[in-house]
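J.: Let me begin by handing over the structure; questions about it come next.
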Amino acid sequence: MAMRQKYVVAALVLAACTGKAVSIATPVDELVSSTGVVVSAHHLASDAGAAVLAKGGSAVDAAVATAFALAVTYPAAGNIGGGGFMVIRQADGTATTIDYREKAPLRSTPTMYLDATGAIAASATDSGWRAPGVPGTVRGLAMAHEKFGKLAWADVVMPAVQLAEEGFALSESLAGELNGALTSILASFPASVATYGKPGGGAWVAGDTLRLPQLGRALRAIATGGPEVFYTGWIADSLAAQMRAHRGLISRADLAAYQAVEREPVRGTFNGYELISMGPPSSGGVVMMLTLNQLEALGLVGADGSADGSADGSADRSDARTLHLRIEVARRAYLDRARWIGDPDFSEIPLARLLSKEYARELAAGIDTAQASSSAELGKDILTPMAESPQTTHFSVVDAEGNAVSNTYTLESGYGSGVVVAGFLLNNEMGDFSKKSGYTNTGWAIGTPANLIAPGKRMLSSMSPVIVTKGGALRLVTGSPGGRTIPNTVLNVVLGVTAFGEGVRAAVDAPRIHHQWMPDTASFESGAATPAVLAALRAMGHQIKEVTARSQGDAHSILFDATTRTARAANDRRSPDSGARAPKP
Ligand code: DON
């Protein structure tokens, strides 16, 4: 049988003796397929991708169909008004990446988000007409399709048109989320309320049908007219006219000038595996490789892949040593992110050094294996002397030939800027730029030169779509949303497979940890460490915040077995509507 659905039901509802429901499902189901698989944050978008595979489409065809469908079924993050990154590895071993990150509009200035006192106006990029960067998604998907698509463009866009025009049933989770958005981020924008509000008024409930006719019209135009209609046709006219009317920044010239870029992947090795990921303007690939190279230098795993000498040959995910080292190497990797990374078309980035094993060894040599270090001390050269969430989505695709796509794209916050034009939501990605030159604090602000605002520049991202191979064969496709937590979330899955001896379900389910240099606090999803290990880490000097819910990221992942040529997909149950789908035989 080409496909079989395997459910090993181990849904444990742990009720703590406090009576507080700690509902930790530990499902271990994986969708196993030898005819390709798509796993995304919405099962209907995975269906769209799987249907394209069934028609003979390539992994890229399926990825494009999934991305357009998510723009309909997952409005918080699926988009045509945002941007992202796609990592593509063909079965012949060649790999490339497509950078379709948004750009600063030509009328941007370095001080545009400072108030009259020179302070960062915190809410300036939260929502509204001055928050969006020039969208890249449609150009990026078109570039991927042009290079690697087998089916006609219209065939990969039409499933999304159908979903938008015919509508789809809301889950309880999406109904609740939309009701929330309608009273917050969308509330100030009449076109957004008209687009996502329930016809006739009232609150959405599970089972209601959400139809998006304006989005359907835009998608249909893109399906028949190609990306030009978005960048130079009536969609561009409509977007630019509304921007003018609301004193926004994006002009027709911005849209006409926007191009996606094919870039060399960032590559590195760890424990006998190769990682293929995204380079700048994403920090994802660099942060992940800096982290893994330091872990290797510290002997978390043996250089020969023999792991740390533990009985089963795998390192232990949740012992104090592993967790201490992970915090220490993340601290240093994220400091280098803050120090160096931005748009490579605007800034010199010492990429070769950052990715080298030698540099990682130098960094690792400064790590005390028994004591936490200080982020402030390590980064004092960039800290200002008087120092004082969420939406993105990732999906993974493997086709029957073993071609793979790892795609993460975003509107930045949930529902982006909240602004709808021509039926679609615009991003608020400008918030990913550094807003004040020279101002790097012990909180979230970074003011180093690489990521300051400039017209036409791409803002720094943390998105980390990655493809992992072993012995030249495809092994893992993963990625996640979650802002600055992303590289750590993705590594949580990558380490599960490459160092901790886990299968894809266990690696996706495992509780995650995060440290990002500043703020100097590690966050642990519940269950990441026992109370005794937490106490040991705190005694070493770590500040640790426990996050009770499983809420760090959303890593829809595929593990590939090159010997049997089967893919095992695990959706991330942190995302209630997510699902894996294989083409129906
Ligand atoms: O590009 C980035 O790094 C951010 N704009 C991603 C935002 C994000 O992941 C929010 N999602 N949960």
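Convention: chains lettered A, B, ... in structure tokens order; per-chain residue numbering from 1; ligands numbered from 1 as shown.
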Please identify the residues whose atoms come within 8 Å of ligand 1, using only C-alpha atoms and all ligand atoms, and report them as a ChimeraX atom specification.

T.: /A:77,84,282,389-393,409-414,429,431-432,459-463,480-486,553

J.: Store the residues picked out above in a file with N, CA and C atoms, as a compact mmCIF listing (two decimals), in the first residue's frame.

T.:
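Listing of result-v2.txt after writing:
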```txt
# COMPACT_ATOMS: atom_id res chain seq x y z
N ALA A 77 -1.64 34.11 9.20
CA ALA A 77 -0.26 34.06 8.72
C ALA A 77 -0.11 33.67 7.25
N GLY A 84 8.50 35.78 2.69
CA GLY A 84 9.07 34.62 3.34
C GLY A 84 10.27 34.06 2.60
N SER A 282 17.69 36.39 6.30
CA SER A 282 17.26 35.63 7.45
C SER A 282 18.48 35.31 8.30
N SER A 389 4.55 38.83 19.39
CA SER A 389 4.16 37.54 19.06
C SER A 389 3.25 37.25 17.90
N PRO A 390 1.94 36.91 17.69
CA PRO A 390 2.80 36.17 16.81
C PRO A 390 2.08 35.75 15.53
N GLN A 391 2.65 36.08 14.25
CA GLN A 391 2.20 35.07 13.31
C GLN A 391 2.95 34.92 12.01
N THR A 392 3.25 33.72 11.78
CA THR A 392 4.07 33.24 10.68
C THR A 392 3.62 31.80 10.53
N THR A 393 3.93 31.17 9.40
CA THR A 393 3.60 29.75 9.33
C THR A 393 4.60 29.01 8.46
N TYR A 409 6.65 31.48 5.71
CA TYR A 409 6.29 32.83 5.28
C TYR A 409 5.41 33.47 6.33
N THR A 410 5.22 34.79 6.20
CA THR A 410 4.71 35.51 7.37
C THR A 410 4.02 36.82 7.02
N LEU A 411 3.14 37.23 7.93
CA LEU A 411 2.62 38.60 7.93
C LEU A 411 3.24 39.38 9.09
N GLU A 412 4.20 38.76 9.80
CA GLU A 412 4.79 39.21 11.06
C GLU A 412 3.81 38.95 12.21
N SER A 413 3.00 39.90 12.66
CA SER A 413 2.05 39.58 13.74
C SER A 413 0.87 38.81 13.17
N GLY A 414 0.06 38.21 14.05
CA GLY A 414 -1.18 37.58 13.59
C GLY A 414 -2.03 38.61 12.87
N GLU A 429 5.62 43.94 8.61
CA GLU A 429 7.01 43.45 8.71
C GLU A 429 8.03 44.54 9.00
N GLY A 431 8.35 46.24 11.38
CA GLY A 431 8.76 46.10 12.78
C GLY A 431 9.98 45.22 12.98
N ASP A 432 10.37 44.48 11.97
CA ASP A 432 11.56 43.63 12.11
C ASP A 432 12.86 44.39 11.86
N MET A 459 14.23 43.60 5.70
CA MET A 459 14.42 43.57 7.15
C MET A 459 14.90 42.19 7.60
N LEU A 460 15.68 42.19 8.68
CA LEU A 460 16.22 40.94 9.25
C LEU A 460 15.07 40.02 9.67
N SER A 461 15.25 38.76 9.42
CA SER A 461 14.25 37.76 9.82
C SER A 461 14.91 36.67 10.65
N SER A 462 14.08 35.94 11.37
CA SER A 462 14.55 34.75 12.09
C SER A 462 14.06 33.47 11.44
N MET A 463 13.31 33.60 10.37
CA MET A 463 12.70 32.39 9.79
C MET A 463 13.78 31.41 9.33
N SER A 480 9.58 26.65 11.37
CA SER A 480 8.57 27.06 12.37
C SER A 480 8.32 28.55 12.32
N PRO A 481 7.17 29.01 12.82
CA PRO A 481 7.00 30.42 13.17
C PRO A 481 7.55 30.67 14.57
N GLY A 482 7.39 31.93 15.03
CA GLY A 482 7.72 32.24 16.43
C GLY A 482 8.74 33.35 16.61
N GLY A 483 8.89 34.23 15.61
CA GLY A 483 9.80 35.37 15.77
C GLY A 483 11.19 34.91 16.14
N ARG A 484 11.78 35.57 17.15
CA ARG A 484 13.18 35.24 17.49
C ARG A 484 13.33 33.84 18.08
N THR A 485 12.23 33.22 18.49
CA THR A 485 12.36 31.84 19.00
C THR A 485 12.60 30.83 17.87
N ILE A 486 12.40 31.26 16.61
CA ILE A 486 12.36 30.28 15.52
C ILE A 486 13.60 29.39 15.43
N GLY A 553 6.31 27.94 18.94
CA GLY A 553 6.44 27.56 17.54
C GLY A 553 5.42 26.54 17.08
```

J.: Contacts between segment 185-205 of chain A and segment 374-468 of chain A, please, where a residue of segment 374-468 of chain A counts if it comes within 9 Å (with only C-alpha atoms); show its shortest atom pair and distance in Å to one decimal, rows by chain and ascending number, as JSON lines.

T.:
```
{"residue": "A:Gly414", "atom": "CA", "partner": "A:Ile185", "partner_atom": "CA", "distance": 8.4}
{"residue": "A:Tyr415", "atom": "CA", "partner": "A:Ile185", "partner_atom": "CA", "distance": 7.2}
{"residue": "A:Gly416", "atom": "CA", "partner": "A:Ile185", "partner_atom": "CA", "distance": 8.4}
{"residue": "A:Ser417", "atom": "CA", "partner": "A:Ile185", "partner_atom": "CA", "distance": 7.5}
{"residue": "A:Gly418", "atom": "CA", "partner": "A:Leu186", "partner_atom": "CA", "distance": 4.8}
{"residue": "A:Val419", "atom": "CA", "partner": "A:Ser192", "partner_atom": "CA", "distance": 6.1}
{"residue": "A:Val420", "atom": "CA", "partner": "A:Ser192", "partner_atom": "CA", "distance": 5.0}
{"residue": "A:Val421", "atom": "CA", "partner": "A:Ala191", "partner_atom": "CA", "distance": 7.5}
{"residue": "A:Gly423", "atom": "CA", "partner": "A:Thr195", "partner_atom": "CA", "distance": 6.9}
{"residue": "A:Phe424", "atom": "CA", "partner": "A:Thr195", "partner_atom": "CA", "distance": 8.6}
{"residue": "A:Leu425", "atom": "CA", "partner": "A:Ser192", "partner_atom": "CA", "distance": 7.9}
```

J.: Report, in Å with one decimal, the straight-line distance from atom CA of Ser396 of chain A to atom CA of Ile222 of chain A.

T.: 23.3 Å

J.: Could you go through segment 104-134 of chain A and tell me which residues DSSP, when run on the backbone, assigns to helix (DSSP H, G or I), listing them as a ChimeraX atom specification?

T.: /A:122-125

J.: May I have the selected residues written with all heavy atoms, as an mmCIF file, in the first residue's frame?

T.:
```cif
data_model
loop_
_atom_site.group_PDB
_atom_site.id
_atom_site.type_symbol
_atom_site.label_atom_id
_atom_site.label_comp_id
_atom_site.auth_asym_id
_atom_site.auth_seq_id
_atom_site.Cartn_x
_atom_site.Cartn_y
_atom_site.Cartn_z
ATOM 1 N N ALA A 122 6.736 52.640 20.185
ATOM 2 C CA ALA A 122 6.573 51.188 20.268
ATOM 3 C C ALA A 122 5.468 50.660 19.364
ATOM 4 O O ALA A 122 5.589 49.603 18.764
ATOM 5 C CB ALA A 122 6.321 50.786 21.707
ATOM 6 N N SER A 123 4.376 51.409 19.247
ATOM 7 C CA SER A 123 3.234 50.868 18.521
ATOM 8 C C SER A 123 3.267 51.188 17.027
ATOM 9 O O SER A 123 2.385 50.763 16.290
ATOM 10 C CB SER A 123 1.945 51.403 19.126
ATOM 11 O OG SER A 123 1.954 52.804 18.998
ATOM 12 N N ALA A 124 4.284 51.902 16.572
ATOM 13 C CA ALA A 124 4.263 52.398 15.194
ATOM 14 C C ALA A 124 4.204 51.297 14.151
ATOM 15 O O ALA A 124 3.689 51.502 13.056
ATOM 16 C CB ALA A 124 5.486 53.278 14.952
ATOM 17 N N THR A 125 4.746 50.148 14.487
ATOM 18 C CA THR A 125 4.708 49.062 13.502
ATOM 19 C C THR A 125 3.768 47.947 13.937
ATOM 20 O O THR A 125 3.761 46.879 13.339
ATOM 21 C CB THR A 125 6.124 48.475 13.271
ATOM 22 O OG1 THR A 125 6.638 48.062 14.534
ATOM 23 C CG2 THR A 125 7.048 49.477 12.621
#
```

J.: Please extract the residues of segment 166-380 of chain A with a backbone DSSP assignment of strand (DSSP E) and present them as a PyMOL selection string.

T.: chain A and resi 168-169+209-210+261-263+266-270+273-277

J.: Output N, CA and C atoms for every residue in that selection, as a compact mmCIF listing (two decimals), in the first residue's frame.

T.:
```
# COMPACT_ATOMS: atom_id res chain seq x y z
N PHE A 168 -15.12 27.71 3.31
CA PHE A 168 -14.77 26.49 4.03
C PHE A 168 -15.29 26.60 5.45
N ALA A 169 -15.47 25.44 6.08
CA ALA A 169 -16.07 25.42 7.43
C ALA A 169 -15.02 25.82 8.46
N THR A 209 -19.48 28.89 7.57
CA THR A 209 -18.66 28.90 6.36
C THR A 209 -18.05 30.29 6.17
N LEU A 210 -16.74 30.34 6.05
CA LEU A 210 -16.06 31.61 5.75
C LEU A 210 -15.81 31.68 4.25
N VAL A 261 14.59 37.02 -4.93
CA VAL A 261 16.00 36.73 -5.24
C VAL A 261 16.30 35.27 -4.96
N GLU A 262 16.96 34.62 -5.91
CA GLU A 262 17.45 33.26 -5.65
C GLU A 262 18.82 33.40 -4.99
N ARG A 263 18.99 32.78 -3.84
CA ARG A 263 20.27 32.90 -3.12
C ARG A 263 20.83 31.51 -2.81
N VAL A 266 22.59 28.62 3.02
CA VAL A 266 23.61 28.48 4.05
C VAL A 266 23.72 26.99 4.35
N ARG A 267 24.94 26.48 4.37
CA ARG A 267 25.12 25.05 4.60
C ARG A 267 26.06 24.82 5.78
N GLY A 268 25.86 23.72 6.47
CA GLY A 268 26.77 23.36 7.53
C GLY A 268 26.60 21.89 7.84
N THR A 269 27.51 21.37 8.67
CA THR A 269 27.40 19.95 9.03
C THR A 269 27.31 19.82 10.54
N PHE A 270 26.65 18.77 10.97
CA PHE A 270 26.53 18.48 12.40
C PHE A 270 26.32 16.99 12.58
N TYR A 273 25.35 14.90 9.69
CA TYR A 273 24.24 15.39 8.87
C TYR A 273 24.68 16.69 8.19
N GLU A 274 24.01 17.02 7.07
CA GLU A 274 24.22 18.34 6.47
C GLU A 274 22.93 19.14 6.60
N LEU A 275 23.06 20.43 6.97
CA LEU A 275 21.90 21.31 7.02
C LEU A 275 21.94 22.26 5.83
N ILE A 276 20.80 22.44 5.20
CA ILE A 276 20.67 23.37 4.08
C ILE A 276 19.59 24.36 4.49
N SER A 277 19.98 25.60 4.67
CA SER A 277 18.99 26.55 5.20
C SER A 277 19.15 27.92 4.58
```

J.: Can you work out the spacing between atom CA of Ala119 of chain A and atom CA of Lys435 of chain A in Å, to one decimal?

T.: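 Atom CA of Lys435 of chain A lies 9.3 Å from atom CA of Ala119 of chain A.
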
J.: Which distance in Å separates atom CA of Gly216 of chain A and atom CA of Thr97 of chain A, to one decimal?

T.: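 Between atom CA of Gly216 of chain A and atom CA of Thr97 of chain A the gap works out to 28.4 Å.
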
J.: Which residue, A:Arg139, A:Arg458, A:His394, A:Lys584, has the smallest gap to Leu255 of chain A when you use only C-alpha atoms?

T.: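 Ranked by minimum distance to Leu255 of chain A, first place goes to A:Arg139.
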
J.: Just want the 8 Å neighbourhood of Ser58 of chain A, counted on only C-alpha atoms, with same-chain residues fewer than 3 positions away dropped. Output as a PDB file with N, CA and C atoms, in the first residue's frame.

T.:
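Generated file (around_10.pdb):
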```pdb
ATOM      1  N   VAL A  52      -2.402  18.529  -5.753  1.00  0.00           N
ATOM      2  CA  VAL A  52      -1.471  18.915  -6.818  1.00  0.00           C
ATOM      3  C   VAL A  52      -0.421  17.809  -7.031  1.00  0.00           C
ATOM      4  N   LEU A  53       0.033  17.203  -5.947  1.00  0.00           N
ATOM      5  CA  LEU A  53       0.955  16.061  -6.087  1.00  0.00           C
ATOM      6  C   LEU A  53       0.259  14.931  -6.850  1.00  0.00           C
ATOM      7  N   ASP A  61       5.396  22.665  -7.022  1.00  0.00           N
ATOM      8  CA  ASP A  61       3.990  22.901  -7.379  1.00  0.00           C
ATOM      9  C   ASP A  61       3.104  22.789  -6.138  1.00  0.00           C
ATOM     10  N   ALA A  62       3.320  21.715  -5.378  1.00  0.00           N
ATOM     11  CA  ALA A  62       2.500  21.490  -4.182  1.00  0.00           C
ATOM     12  C   ALA A  62       2.723  22.583  -3.153  1.00  0.00           C
ATOM     13  N   PHE A 148      10.866  25.423 -10.953  1.00  0.00           N
ATOM     14  CA  PHE A 148      10.737  24.016 -10.572  1.00  0.00           C
ATOM     15  C   PHE A 148       9.340  23.434 -10.745  1.00  0.00           C
ATOM     16  N   GLY A 149       8.416  24.229 -11.289  1.00  0.00           N
ATOM     17  CA  GLY A 149       7.050  23.721 -11.426  1.00  0.00           C
ATOM     18  C   GLY A 149       6.918  22.812 -12.636  1.00  0.00           C
ATOM     19  N   LYS A 150       6.011  21.840 -12.521  1.00  0.00           N
ATOM     20  CA  LYS A 150       5.709  20.969 -13.671  1.00  0.00           C
ATOM     21  C   LYS A 150       4.303  21.262 -14.209  1.00  0.00           C
ATOM     22  N   LEU A 151       3.402  21.635 -13.330  1.00  0.00           N
ATOM     23  CA  LEU A 151       2.035  21.927 -13.759  1.00  0.00           C
ATOM     24  C   LEU A 151       1.925  23.389 -14.184  1.00  0.00           C
ATOM     25  N   ASP A 399       7.893  15.208  -2.424  1.00  0.00           N
ATOM     26  CA  ASP A 399       7.114  14.514  -3.454  1.00  0.00           C
ATOM     27  C   ASP A 399       7.618  13.082  -3.635  1.00  0.00           C
ATOM     28  N   ASN A 403      11.980  15.066  -4.029  1.00  0.00           N
ATOM     29  CA  ASN A 403      12.247  16.508  -4.056  1.00  0.00           C
ATOM     30  C   ASN A 403      11.578  17.104  -2.814  1.00  0.00           C
TER      31      ASN A 403
END
```

J.: Select, from A:Phe500, A:Gln294, A:Val60, A:Val37, the residue with the minimum atom-to-atom distance to Ala360 of chain A, counting only C-alpha atoms.

T.: A:Gln294

J.: Residues of segment 483-532 of chain A that approach segment 326-347 of chain A to 6 Å or less, counting only C-alpha atoms: could you list each one with the shortest pair of atoms and its distance in Å to one decimal, rows by chain and increasing residue number, as a tab-separated table?

T.:
```
residue	atom	partner	partner_atom	distance
A:His515	CA	A:Ile327	CA	5.8
A:Gln516	CA	A:Tyr334	CA	5.2
A:Trp517	CA	A:Arg331	CA	4.1
```

J.: How about saving the chosen residues, all heavy atoms kept, as a PDB file, in the first residue's frame?

T.:
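File again-v8.pdb, as written:
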```
ATOM      1  N   HIS A 515      16.644  30.684  24.213  1.00  0.00           N
ATOM      2  CA  HIS A 515      17.401  31.805  24.782  1.00  0.00           C
ATOM      3  C   HIS A 515      17.906  32.621  23.614  1.00  0.00           C
ATOM      4  O   HIS A 515      18.344  32.061  22.610  1.00  0.00           O
ATOM      5  CB  HIS A 515      18.571  31.310  25.640  1.00  0.00           C
ATOM      6  CG  HIS A 515      19.197  32.430  26.440  1.00  0.00           C
ATOM      7  ND1 HIS A 515      19.965  33.404  25.859  1.00  0.00           N
ATOM      8  CD2 HIS A 515      19.128  32.747  27.758  1.00  0.00           C
ATOM      9  CE1 HIS A 515      20.356  34.276  26.801  1.00  0.00           C
ATOM     10  NE2 HIS A 515      19.855  33.888  27.951  1.00  0.00           N
ATOM     11  N   GLN A 516      17.824  33.956  23.703  1.00  0.00           N
ATOM     12  CA  GLN A 516      18.147  34.796  22.540  1.00  0.00           C
ATOM     13  C   GLN A 516      19.140  35.917  22.881  1.00  0.00           C
ATOM     14  O   GLN A 516      19.050  37.006  22.338  1.00  0.00           O
ATOM     15  CB  GLN A 516      16.868  35.378  21.964  1.00  0.00           C
ATOM     16  CG  GLN A 516      16.070  36.225  22.944  1.00  0.00           C
ATOM     17  CD  GLN A 516      14.888  36.912  22.297  1.00  0.00           C
ATOM     18  OE1 GLN A 516      14.171  36.329  21.513  1.00  0.00           O
ATOM     19  NE2 GLN A 516      14.710  38.188  22.624  1.00  0.00           N
ATOM     20  N   TRP A 517      20.080  35.646  23.766  1.00  0.00           N
ATOM     21  CA  TRP A 517      21.054  36.626  24.253  1.00  0.00           C
ATOM     22  C   TRP A 517      20.380  37.656  25.148  1.00  0.00           C
ATOM     23  O   TRP A 517      20.610  37.673  26.337  1.00  0.00           O
ATOM     24  CB  TRP A 517      21.812  37.304  23.088  1.00  0.00           C
ATOM     25  CG  TRP A 517      22.716  38.417  23.539  1.00  0.00           C
ATOM     26  CD1 TRP A 517      23.768  38.290  24.420  1.00  0.00           C
ATOM     27  CD2 TRP A 517      22.644  39.800  23.196  1.00  0.00           C
ATOM     28  NE1 TRP A 517      24.347  39.514  24.636  1.00  0.00           N
ATOM     29  CE2 TRP A 517      23.688  40.461  23.898  1.00  0.00           C
ATOM     30  CE3 TRP A 517      21.826  40.552  22.373  1.00  0.00           C
ATOM     31  CZ2 TRP A 517      23.911  41.831  23.787  1.00  0.00           C
ATOM     32  CZ3 TRP A 517      22.050  41.920  22.248  1.00  0.00           C
ATOM     33  CH2 TRP A 517      23.080  42.545  22.949  1.00  0.00           C
TER      34      TRP A 517
END
```

J.: May I ask which of the residues A:Glu102, A:Glu296, A:Glu264, A:Asp208 is the closest one to Gly83 of chain A, counting only C-alpha atoms?

T.: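 With only C-alpha atoms as the atom set, the closest residue is A:Glu102.
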
J.: Can you pull out the residues contacting Asn441 of chain A? Cut-off 12 Å, using only C-alpha atoms, and skip same-chain residues under 4 positions away; I want them as a list in words.

T.: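 Returned residues: Ala338, Ser375, Ala376, Gly379, Lys380, Asp381, Ile382, Leu383, Thr384, Pro385, Met386, Ala387, Glu388, Ser434, Lys436, Ser437, Ala445, Ile446, Gly447, Thr448, Trp517, Met518, Pro519 and Asp520 of chain A.
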
J.: Taking only C-alpha atoms into account, which of A:Ala50, A:Leu295, A:Val301, A:Ile513 comes nearest Gly501 of chain A?

T.: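 Answer, going by the shortest atom-to-atom distance: A:Val301.
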
J.: Name the closest residue to Gly36 of chain A among the candidates A:Gly579, A:Gly402, A:Gly503, A:Pro75; distances are taken between atoms, counting only C-alpha atoms.

T.: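 With only C-alpha atoms as the atom set, the closest residue is A:Gly402.
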
J.: Could you produce a table of the residues of segment 109-193 of chain A lying within 9 Å of segment 236-248 of chain A, with the nearest pair of atoms per residue and their separation in Å rounded to one decimal, using only C-alpha atoms, ordered by chain and increasing residue number, as JSON lines?

T.:
```
{"residue": "A:Gly128", "atom": "CA", "partner": "A:Gly248", "partner_atom": "CA", "distance": 8.3}
{"residue": "A:Trp129", "atom": "CA", "partner": "A:Gly248", "partner_atom": "CA", "distance": 4.7}
{"residue": "A:Arg130", "atom": "CA", "partner": "A:Gly248", "partner_atom": "CA", "distance": 4.9}
{"residue": "A:Ala131", "atom": "CA", "partner": "A:Gly248", "partner_atom": "CA", "distance": 8.3}
{"residue": "A:Pro132", "atom": "CA", "partner": "A:Gly248", "partner_atom": "CA", "distance": 8.6}
```
